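Before any comments, here is the structure.
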Amino acid sequence: MADLAGEGFALGSVEAAAIEAGVPVVRLTGEIDISNAEPIGEALEGIVGRDARRVVVDVEGLEFMDSAGIAMLLRTAARVDAVEIRHPSEVMRRIIECTGLTGIFRMTD
Amino acid sequence: MVETDDAPGTSPSGRHIFQADAGRTTARPGPNPPSRLPHIAAVGVLGAGLAITATLSLVTAVIHNNNENRLLRQRTAEAAAVLSAAVPTLQTPLVSADAVAEATNARPGDVSGVLASLLESKRFVSASVWPVHAADPAPLHLFGGAPELATESVAARRDMITRAVGRSPNMAIVNLLDNPDRRLGYAYAEGKDAKYVVYAEAALPKNRRARVDTNTAFNDVDYAIYLGRDSSTRELIASSNANPNFGGRKAATNIAFGDRTLHLVLTPRQELGGTLLPRLPWIIAILGSIITIVAALMTERLVRRRADAEFLAAENAHLFRQQRSVAQTLQHSLLPERLPEVDGLDIAVRYATGVDGVDIGGDWYDVIVNDDGRVLIVVGDVSGRGLRAATVMASLRYAIHAYAAQGDEPATILTKLGSLISVERDDHFATVLCGLVDVAGHRLSIANAGHPSPLLVTGDRADFVTTRVGPPVGVNGASYTEVDVSVPPEATLIGFTDGLYERRREHPDTGLARLRDASLGFTSLNDVLDGLLEKLAPGGGHDDTAILGIRWQT
């Protein structure tokens with residue numbers, strides 16, 4: 001679990017939730033923005049590992065994510081075949097649609 | 001006609017334009033260096049500490065003084081009690097002797113015996129019995145040496161007799177202190193009817209020093225005993241000190257002594273209350289001064305540190321403003337210096353710096369007119385912030401110029417941009433809106449790489465242009481498709497970056513609806529852009545915002 005909190009920093013975290021049929025499920029919570037996207041991204045890469053072909057990202061507990069957070073997810077997407085975004089909020093869903101990323105991130109409820 | 005609006009100070013809110021912010025920063029001087037405050041504070045502490053020390057020292061001295069006075073008065077009272085107790089031991093043998101003289105009518109055999117016993121006590125050097133009724137009084141019987149009084153005048157001798165009879169039952173004291181052989185005389189008679197007076201003389205040391213100081217209870221004081229009610233040197237009986245005129249602290253009391261009075265004066269030889277209390281004022285003064293000086297030095301140090309910290313904080317704030325202004329200047333240098341003039345089209349742009357951070361943003365706008373007269377408009381936003389984001393932005397902006405010069409269509413341009421950056425490698429991606437404007441034909445061919453769709457305002461209607469949103473530039477394998485839009489006469493097209501409408505945790509559609517409503521009700525293009533900044537980001541939004549507006553003149 002990676003946390004980065006402090007003055008001027010968003011409080012967000014990433015943790016390994018489960019392995020579903022060999023597919024790692026990671027859970028993002030809190031806020032992810034330019035102030036903490038880098039360490040959280042590194043932790044995310046560590047959890048996903050080098051060999052995973054698919055990743056499930058559960059964003060039910062994610063309250064906010066800016067373009068730095070999307071860049072973080074896009075980096076993960078570039079390294080695997082498929083990224084599933086599970087439990088996106090309406091806001092998250094709309095941001096992904098507006099950014100033209102529905103073909104990259106498969107959103108599931 | 002072309003309107004470019006990136007000159008300093010032309011924005012109604014001022015702070016939205018780089019130069020306005022930069023100008024404000026350079027006008028503000030840096031923080032002042034640390035002041036003389038530490039010295040003042042230290043001197044204050046020093047003054048207060050020394051004042052407290054002096055007061056404490058003074059109070060202790062006063063307490064000590066009062067204590068010494070009280071103790072001396074106590075010793076004086078004790079000494080007076082000792083002296084008072086000694087008086088009867090002088091008088092009692094005289095009373096006994098006189099009783100024998102009266103009873104035996106001064107028969108020589110009886111009287112000689114009692115007079116001899118008076119001398120045995122060694123208190124007296126001469127003892128005698130005198131007849132009361134005699135014109136020229138002289139001793140009837142004498143033991144020891146001749147009384148000094150016998151050499152005095154008739155009046156002096158008569159006075160002794162008169163007082164011994166008159167002051168009975170007190171003995172009469174005869175002052176012979178001035179005589180060469182210094183003596184005190186004691187005379188006693190039984191009362192008014194007495195026929196005889198017993199008279200004895202005691203010799204006093206010629207140097208007036210007390211013979212013995214054996215009374216160890218009083219070895220911490222000097223004393224002087226006078227005959228009378230004051231310390232007249234002539235009347236000095238004895239003193240423990242060669243100089244009986246005591247200076248400094250002294251106490252006096254009077255004691256009944258026959259028909260006269262003894263005046264007792266005491267002065268301390270040493271501190272009566274012990275050695276600590278008299279030293280205490282000095283100890284307090286020295287310790288207090290040391291503590292005060294240390295406290296003053298520490299105060300100076302602490303205040304100086306605090307002043308240094310405040311100076312550093314102010315300096316940092318100053319550097320922050322400076323760095324921010326540098327970032328804004330750099331940002332401005334990466335944006336088009338001048339926008340081209342295009343017949344039939346009004347063009348205006350705004351760039352507002354976000355209030356967060358000092359980093360340069362990655363937002364940009366551009367208008368490119370090719371040799372063949374085609375007009376390309378671009379609005380883009382590189383994710384993240386900082387020099388790296390700005391560099392990516394600059395490379396994309398110049399690449400678009402190159403592709404446009406080759407005659408590439410918007411969708412092709414966006415696809416080609418994908419080979420320049422990769423989110424996996426660069427950690428940045430870019431959303432880009434790229435449109436080809438057919439001014440005369442009132443048409444627009446527009447391609448979108450993950451960017452918010454532009455707003456088309458016609459009269460009292462505003463709608464977002466429907467575009468086919470492809471992935472942002474930097475995502476592998478992205479491809480784009482243009483949409484063709486028909487533009488009504490005198491319509492305004494507004495491209496923007498997400499800083500204009502986005503709020504944390506708010507649904508994007510809510511912000512977009514707010515933006516759409518804010519775009520209505522203006523006449524000129526500049527008014528629309530100013531109004532949007534004013535309404536949507538009053539005082540500056542959190543993120544940087546770029547706006548590009550074009551308006552068909554017909």
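Naming scheme: A, B, ... for chains in displayed order of the structure tokens; residues 1 onward per chain; ligands 1 onward as shown.
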
Which chain A residues are at most 8 Å from chain B (counting only C-alpha atoms), as a list in words?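 The contacting residues on chain A are Ile34, Glu63, Phe64, Ser67, Ala68, Ala71, Met72, Leu74, Arg75, Thr76, Ala78, Glu90, Val91, Arg94, Ile95, Cys98, Thr99, Gly100, Leu101 and Gly103 of chain A.
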
Near Val369 (chain B), within 10 Å and counting only C-alpha atoms, which residues show up once chain neighbours fewer than 2 positions away are dropped, as number ranges by chain? B: 339-342, 367, 371-377, 401, 404-405, 436-437

So that I can see what lies close to Leu520 (chain B), please list as a ChimeraX atom specification the residues with an atom at most 9 Å from it, counting only C-alpha atoms and leaving out residues fewer than 4 positions away in the same chain. /B:457-462,516,528

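Rounded to one decimal, CA of Pro205 (chain B) and CA of Met160 (chain B) lie 22.7 Å from each other.
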
If you measure from CA of Leu50 (chain B) to CA of Glu300 (chain B), what distance in Å do you get, rounded to one decimal?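 We find that CA of Leu50 (chain B) and CA of Glu300 (chain B) lie 16.1 Å from each other.
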